[in-house]
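Scroll down for the structure; my scribbles are underneath it.
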Amino acid sequence: MTTISHFIDRVTASWRPHGARFLLAGAAIALAACLLRPGWPVERARFDHVVVLDITQSMDVQDEALAGKPASRLAFAKSALREALLRLPCGSKIGWAVFTEYRSFLLFEPVEVCANLTELRATLARIDGRMAWSGNSEIAKGLHSGFELARRLPGSPSLVFVTDGQEAPPLIAQHRPRFDDKPGDVAGVLVGVGAARPSPIPKSDPSGRPLGFWQADEVAQADVYGSGRATSVGGERMTDDAAAVPLPALGATPGSEHLSALREPYLRLLGREQGLAFVRLESVDALVDALTAPALAKPTPVRADLRALFGGFALALLLARYAGPLVRRGGAGLALHGTVAIIALGASLSVSPAWANDRPFQVARTAVLEDEEQVWSFESWTQRLGSVRGLSFEPEYTFGEGRSVQFELSRFVDRRDAETGHEAEIEFKQLFNNLASDGWGVGVSATLGVERTRSGGTVPYLGVKVPLTIALGKSGALLHLNAGISKARDERRVWTGAVGVERELFRRTTLFAELAREGEVTFTQIGVRHWLKREKLAIDFSLQQQRADGGRASGFILGLGWYDL
């Protein structure tokens, strides 16, 4: 026992002089391990769907809304599917198909959603009525064709059939098509889109140019097979009519078939007969719930990513290295609890691609999934803070898989004493999970910069921040929490903490606020961001205040951002 104690004392004694180096070396090794994408195989619920979109002309009826403006049923469905792609777990697969006449036609087999997000969205955007080869819309036959299509595909994907349910020409119950499909043989869901109130059906030529609306005398108003011959008399029964069997209502509206509404009862009937669920498309949430229903889940071997664990461990080592002042001031318990909490957070993460966009915040970083990858964005802002004027340019490139790099060039002028400063900075960002699907997002950013003073000298610095973003229920509000540390040459290390919140007030306009502290400096701002073109061009304005060295300065910030360049 004495020998073991002596050995421990020797190890401890040898550790103390080099403890800081070991901690930094361990952090560097942990961060390097993140680049190797460590992980292990686990089994998770994933989803495999082939989505069939009805592209017949009734889907052009504009009885839905997007961004407060009228939209066609097809456009509404495509928009919901586009957003739903972000909320499917990585490892899930989606394929596109279209329905017209009596056939479901496959565009491409299901592919993994995260690795092929750009391709899935690009092809979805190009699906429209110009692809239709016929004006007929025989829903029951198209559904049967969709079953056959899904059976032929590898992996037995679920069938998601998106339609308004309008049969054209209309059906009567006596002459419904009969198929040998076994209920439940193909899992899936019928997605109904459209309003309950009938609306005129737009008419267009094969190139998609509008030709007005279909009129009553241009559309079949009754089932041609149930109309009899010209010599038939009223009440005459067809030879294959059922004698006294109650017949289901199929939603046909003789005399008004040139108008279209969602045929929900008919779609529910088809769903019961074929073992399919039904959902009315009223929101993205409703669609996501349908696509991720437990009945459609498939246990799939996936690779659990350990980058968040290693990243959290690296941060814990950095905190241990630089937490000396806190410990000496009696904050050892706080530092220990903070380190343990960060390690636990890192261990609990399940990662998927994401990347960051930090405007309109000045100090806080965000962990919000954006839509595109391999794109540029450009942000610029000017500010006035007391006697200081500043101008900044910030181009950013998103690589994909959660990685991006941002460059910043800034100039500041103090008009009171003509003090001038320049700053150049490069920031690498990595986010680890999908806010839209998990309800929260987390990441890490590393900054390397240099500041040139009026005297001509340069001061290099580096910093690390950990952003955590939390979705506040279904309100659309986001809470951003940051912790970080920075160190300039010949200066003391500076701890950073920031809290930011944002919420959309009304269409295209977002209110945001930020409170941050860097060392002895406290910064606050409140402002609004307005999208001149949603997700493309934004302008923001905020009022700011800074307190430092017992003084206080106020001013404003005006920013402009271009995205997805």
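In the structure tokens, chains take the letters A, B, ... in the order shown, each chain's residues start at 1, and ligands count up from 1 in the order shown.
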Can you pull out the residues contacting A:Ala424? Cut-off 7 Å, using only C-alpha atoms, and skip same-chain residues under 3 positions away; I want them as a list in words. Glu408, Leu409, Ser410, Gly449, Val450 and Glu451 of chain A
Dump of C-alpha atoms for the selected residues, as a compact mmCIF listing (two decimals), in the first residue's frame:
```
# COMPACT_ATOMS: atom_id res chain seq x y z
CA GLU A 408 -13.91 39.14 -41.28
CA LEU A 409 -12.22 42.45 -42.11
CA SER A 410 -13.04 45.38 -39.83
CA GLY A 449 -7.27 36.93 -35.70
CA VAL A 450 -4.88 39.83 -35.67
CA GLU A 451 -5.45 43.47 -34.73
```
Which residues are near A:Gly142? Cut-off 6 Å, only C-alpha atoms, ignore same chain within fewer than 5 positions. Put them as a list in words. Tyr102, Arg103 and Ser104 of chain A
Residues near stretch 496-510 of chain A, anyone? I mean within 8 Å using only C-alpha atoms, not counting same-chain ones fewer than 4 positions away, as a PDB file with N, CA and C atoms, in the first residue's frame.
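Listing of part-v4.pdb after writing:
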```
ATOM      1  N   ALA A  67     -46.444  31.989 -47.294  1.00  0.00           N
ATOM      2  CA  ALA A  67     -45.959  33.322 -46.933  1.00  0.00           C
ATOM      3  C   ALA A  67     -47.053  34.374 -47.079  1.00  0.00           C
ATOM      4  N   GLY A  68     -48.293  33.980 -46.759  1.00  0.00           N
ATOM      5  CA  GLY A  68     -49.396  34.919 -46.810  1.00  0.00           C
ATOM      6  C   GLY A  68     -49.965  35.176 -48.180  1.00  0.00           C
ATOM      7  N   PHE A 361     -26.547  38.842 -34.628  1.00  0.00           N
ATOM      8  CA  PHE A 361     -25.889  38.959 -33.334  1.00  0.00           C
ATOM      9  C   PHE A 361     -24.431  39.387 -33.519  1.00  0.00           C
ATOM     10  N   VAL A 363     -21.930  39.241 -30.737  1.00  0.00           N
ATOM     11  CA  VAL A 363     -21.035  38.399 -29.945  1.00  0.00           C
ATOM     12  C   VAL A 363     -21.473  36.940 -29.986  1.00  0.00           C
ATOM     13  N   ALA A 364     -22.760  36.703 -29.849  1.00  0.00           N
ATOM     14  CA  ALA A 364     -23.275  35.337 -29.778  1.00  0.00           C
ATOM     15  C   ALA A 364     -23.136  34.615 -31.115  1.00  0.00           C
ATOM     16  N   SER A 475     -43.390  28.157 -30.809  1.00  0.00           N
ATOM     17  CA  SER A 475     -43.587  29.586 -31.050  1.00  0.00           C
ATOM     18  C   SER A 475     -42.695  30.113 -32.165  1.00  0.00           C
ATOM     19  N   GLY A 476     -41.668  29.345 -32.533  1.00  0.00           N
ATOM     20  CA  GLY A 476     -40.713  29.813 -33.522  1.00  0.00           C
ATOM     21  C   GLY A 476     -39.584  30.619 -32.913  1.00  0.00           C
ATOM     22  N   ALA A 477     -39.641  30.896 -31.605  1.00  0.00           N
ATOM     23  CA  ALA A 477     -38.581  31.646 -30.935  1.00  0.00           C
ATOM     24  C   ALA A 477     -37.371  30.748 -30.702  1.00  0.00           C
ATOM     25  N   LEU A 478     -36.187  31.339 -30.769  1.00  0.00           N
ATOM     26  CA  LEU A 478     -34.932  30.625 -30.551  1.00  0.00           C
ATOM     27  C   LEU A 478     -34.141  31.313 -29.449  1.00  0.00           C
ATOM     28  N   LEU A 479     -33.551  30.507 -28.565  1.00  0.00           N
ATOM     29  CA  LEU A 479     -32.684  30.995 -27.505  1.00  0.00           C
ATOM     30  C   LEU A 479     -31.265  30.528 -27.801  1.00  0.00           C
ATOM     31  N   HIS A 480     -30.307  31.463 -27.817  1.00  0.00           N
ATOM     32  CA  HIS A 480     -28.911  31.152 -28.103  1.00  0.00           C
ATOM     33  C   HIS A 480     -28.077  31.404 -26.849  1.00  0.00           C
ATOM     34  N   LEU A 481     -27.343  30.389 -26.404  1.00  0.00           N
ATOM     35  CA  LEU A 481     -26.465  30.484 -25.246  1.00  0.00           C
ATOM     36  C   LEU A 481     -25.034  30.213 -25.687  1.00  0.00           C
ATOM     37  N   ASN A 482     -24.100  31.026 -25.236  1.00  0.00           N
ATOM     38  CA  ASN A 482     -22.694  30.902 -25.633  1.00  0.00           C
ATOM     39  C   ASN A 482     -21.791  30.928 -24.418  1.00  0.00           C
ATOM     40  N   ALA A 483     -20.725  30.144 -24.481  1.00  0.00           N
ATOM     41  CA  ALA A 483     -19.629  30.227 -23.520  1.00  0.00           C
ATOM     42  C   ALA A 483     -18.334  30.112 -24.305  1.00  0.00           C
ATOM     43  N   GLY A 484     -17.343  30.897 -23.919  1.00  0.00           N
ATOM     44  CA  GLY A 484     -16.093  30.848 -24.663  1.00  0.00           C
ATOM     45  C   GLY A 484     -14.953  31.504 -23.928  1.00  0.00           C
ATOM     46  N   ILE A 485     -13.766  31.449 -24.537  1.00  0.00           N
ATOM     47  CA  ILE A 485     -12.565  32.023 -23.966  1.00  0.00           C
ATOM     48  C   ILE A 485     -11.699  32.532 -25.101  1.00  0.00           C
ATOM     49  N   SER A 486     -11.011  33.652 -24.894  1.00  0.00           N
ATOM     50  CA  SER A 486     -10.112  34.195 -25.899  1.00  0.00           C
ATOM     51  C   SER A 486      -8.840  34.685 -25.223  1.00  0.00           C
ATOM     52  N   GLU A 514     -29.803  40.775 -27.494  1.00  0.00           N
ATOM     53  CA  GLU A 514     -28.552  40.101 -27.125  1.00  0.00           C
ATOM     54  C   GLU A 514     -27.955  40.768 -25.887  1.00  0.00           C
ATOM     55  N   LEU A 515     -27.442  39.935 -24.992  1.00  0.00           N
ATOM     56  CA  LEU A 515     -26.712  40.381 -23.813  1.00  0.00           C
ATOM     57  C   LEU A 515     -25.430  39.571 -23.751  1.00  0.00           C
ATOM     58  N   ALA A 516     -24.274  40.244 -23.713  1.00  0.00           N
ATOM     59  CA  ALA A 516     -22.999  39.535 -23.729  1.00  0.00           C
ATOM     60  C   ALA A 516     -22.024  40.200 -22.776  1.00  0.00           C
ATOM     61  N   ARG A 517     -21.097  39.397 -22.300  1.00  0.00           N
ATOM     62  CA  ARG A 517     -20.029  39.922 -21.436  1.00  0.00           C
ATOM     63  C   ARG A 517     -18.712  39.287 -21.866  1.00  0.00           C
ATOM     64  N   GLU A 518     -17.736  40.136 -22.160  1.00  0.00           N
ATOM     65  CA  GLU A 518     -16.385  39.699 -22.512  1.00  0.00           C
ATOM     66  C   GLU A 518     -15.416  40.350 -21.540  1.00  0.00           C
ATOM     67  N   GLY A 519     -14.919  39.563 -20.615  1.00  0.00           N
ATOM     68  CA  GLY A 519     -14.061  40.131 -19.582  1.00  0.00           C
ATOM     69  C   GLY A 519     -14.812  41.129 -18.749  1.00  0.00           C
ATOM     70  N   VAL A 528     -34.327  44.685 -35.013  1.00  0.00           N
ATOM     71  CA  VAL A 528     -35.191  43.915 -35.892  1.00  0.00           C
ATOM     72  C   VAL A 528     -34.423  43.563 -37.164  1.00  0.00           C
ATOM     73  N   ARG A 529     -34.763  42.417 -37.720  1.00  0.00           N
ATOM     74  CA  ARG A 529     -34.236  41.996 -39.022  1.00  0.00           C
ATOM     75  C   ARG A 529     -35.401  41.808 -39.965  1.00  0.00           C
ATOM     76  N   HIS A 530     -35.281  42.366 -41.157  1.00  0.00           N
ATOM     77  CA  HIS A 530     -36.342  42.225 -42.162  1.00  0.00           C
ATOM     78  C   HIS A 530     -35.755  41.595 -43.414  1.00  0.00           C
ATOM     79  N   TRP A 531     -36.438  40.547 -43.900  1.00  0.00           N
ATOM     80  CA  TRP A 531     -36.005  39.857 -45.109  1.00  0.00           C
ATOM     81  C   TRP A 531     -36.611  40.560 -46.322  1.00  0.00           C
ATOM     82  N   LEU A 532     -35.758  41.234 -47.090  1.00  0.00           N
ATOM     83  CA  LEU A 532     -36.226  41.840 -48.328  1.00  0.00           C
ATOM     84  C   LEU A 532     -36.601  40.756 -49.323  1.00  0.00           C
ATOM     85  N   ARG A 534     -36.863  36.548 -48.785  1.00  0.00           N
ATOM     86  CA  ARG A 534     -36.713  35.545 -47.733  1.00  0.00           C
ATOM     87  C   ARG A 534     -35.584  34.570 -48.046  1.00  0.00           C
TER      88      ARG A 534
END
```
DSSP on the backbone, then: every residue of stretch 364-477 of chain A marked strand (DSSP E), written as a compact mmCIF listing (two decimals) with C-alpha atoms, in the first residue's frame.
```txt
# COMPACT_ATOMS: atom_id res chain seq x y z
CA VAL A 375 -22.53 28.20 -51.02
CA TRP A 376 -21.21 31.65 -50.16
CA SER A 377 -22.87 34.26 -48.02
CA PHE A 378 -21.79 37.86 -47.48
CA GLU A 379 -22.59 40.10 -44.55
CA SER A 380 -21.60 43.69 -43.90
CA TRP A 381 -22.42 46.04 -41.07
CA THR A 382 -21.60 49.53 -39.91
CA GLN A 383 -21.88 50.73 -36.35
CA ARG A 384 -21.65 53.80 -34.17
CA LEU A 385 -20.76 53.35 -30.52
CA VAL A 388 -16.26 55.04 -32.31
CA ARG A 389 -17.26 54.29 -35.90
CA GLY A 390 -16.84 50.81 -37.35
CA LEU A 391 -17.26 49.00 -40.67
CA SER A 392 -17.02 45.25 -41.24
CA PHE A 393 -17.15 42.82 -44.17
CA GLU A 394 -17.78 39.13 -43.47
CA PRO A 395 -17.82 36.59 -46.35
CA GLU A 396 -18.59 33.01 -45.32
CA TYR A 397 -18.38 29.71 -47.17
CA THR A 398 -20.39 26.64 -46.14
CA PHE A 399 -18.75 23.33 -47.04
CA GLY A 400 -21.54 21.06 -45.81
CA ARG A 403 -18.49 22.85 -41.53
CA SER A 404 -18.05 26.46 -42.58
CA VAL A 405 -15.39 29.14 -42.55
CA GLN A 406 -15.91 32.88 -42.16
CA PHE A 407 -13.51 35.73 -42.89
CA GLU A 408 -13.91 39.14 -41.28
CA LEU A 409 -12.22 42.45 -42.11
CA SER A 410 -13.04 45.38 -39.83
CA ARG A 411 -11.94 48.97 -39.35
CA PHE A 412 -12.66 51.15 -36.32
CA VAL A 413 -12.05 54.89 -35.91
CA ASP A 414 -12.34 56.82 -32.66
CA GLU A 419 -7.43 56.43 -32.91
CA THR A 420 -7.67 53.92 -35.79
CA GLY A 421 -7.66 50.14 -35.64
CA HIS A 422 -7.88 47.34 -38.18
CA GLU A 423 -8.83 43.76 -37.51
CA ALA A 424 -8.66 40.60 -39.65
CA GLU A 425 -10.18 37.35 -38.46
CA ILE A 426 -10.83 33.82 -39.66
CA GLU A 427 -13.35 31.61 -37.90
CA PHE A 428 -13.91 27.88 -38.37
CA LYS A 429 -17.31 26.52 -37.31
CA GLN A 430 -18.66 23.04 -36.77
CA LEU A 431 -22.21 22.29 -35.66
CA TRP A 440 -31.78 22.12 -29.99
CA GLY A 441 -28.42 22.50 -31.70
CA VAL A 442 -24.84 22.72 -30.46
CA GLY A 443 -21.45 23.34 -32.02
CA VAL A 444 -18.01 24.84 -31.61
CA SER A 445 -16.21 27.73 -33.30
CA ALA A 446 -12.48 28.50 -33.28
CA THR A 447 -11.21 31.98 -34.15
CA LEU A 448 -7.75 33.19 -35.15
CA GLY A 449 -7.27 36.93 -35.70
CA VAL A 450 -4.88 39.83 -35.67
CA GLU A 451 -5.45 43.47 -34.73
CA ARG A 452 -3.32 46.30 -36.06
CA THR A 458 -0.03 43.91 -34.48
CA VAL A 459 -1.68 41.89 -31.74
CA PRO A 460 -2.63 38.29 -32.61
CA TYR A 461 -5.35 36.53 -30.68
CA LEU A 462 -7.32 33.29 -30.68
CA GLY A 463 -10.56 32.14 -29.16
CA VAL A 464 -13.01 29.26 -28.80
CA LYS A 465 -16.79 29.44 -28.35
CA VAL A 466 -19.47 26.82 -27.79
CA PRO A 467 -22.93 27.89 -29.07
CA LEU A 468 -26.10 26.16 -27.90
CA THR A 469 -29.42 27.01 -29.57
CA ILE A 470 -32.77 25.90 -28.14
CA ALA A 471 -36.16 26.08 -29.89
CA LEU A 472 -38.71 27.51 -27.46
CA ALA A 477 -38.58 31.65 -30.93
```
If we count only C-alpha atoms, what is near A:Ala84 at a cut-off of 9 Å, once residues fewer than 5 positions away on the same chain are taken out, given as a PyMOL selection string? chain A and resi 79+284-285+287-288+291
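Within stretch 346-526 of chain A, residues classed as helix (DSSP H, G or I) by DSSP on backbone coordinates are Gly346, Ala347, Ser348, Leu435, Ala436, Ser437 and Asp438 of chain A.
Between atom CA of A:Ala304 and atom CA of A:Gly39 there is a distance of 5.2 Å.
You will find atom CA of A:Arg280 at 19.4 Å from atom CA of A:Gln57.
Among the candidates A:Val521, A:Ala316, A:Ala77, A:Lys487, the residue lying nearest to A:Leu23 is A:Ala316 (atoms considered: only C-alpha atoms).
Put simply, atom CA of A:Leu262 is 7.9 Å away from atom CA of A:Arg197.
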When you count only C-alpha atoms, which of these residues is closest to A:Arg303: A:Phe161, A:Trp96, A:Gly26, A:Gly91? A:Gly91
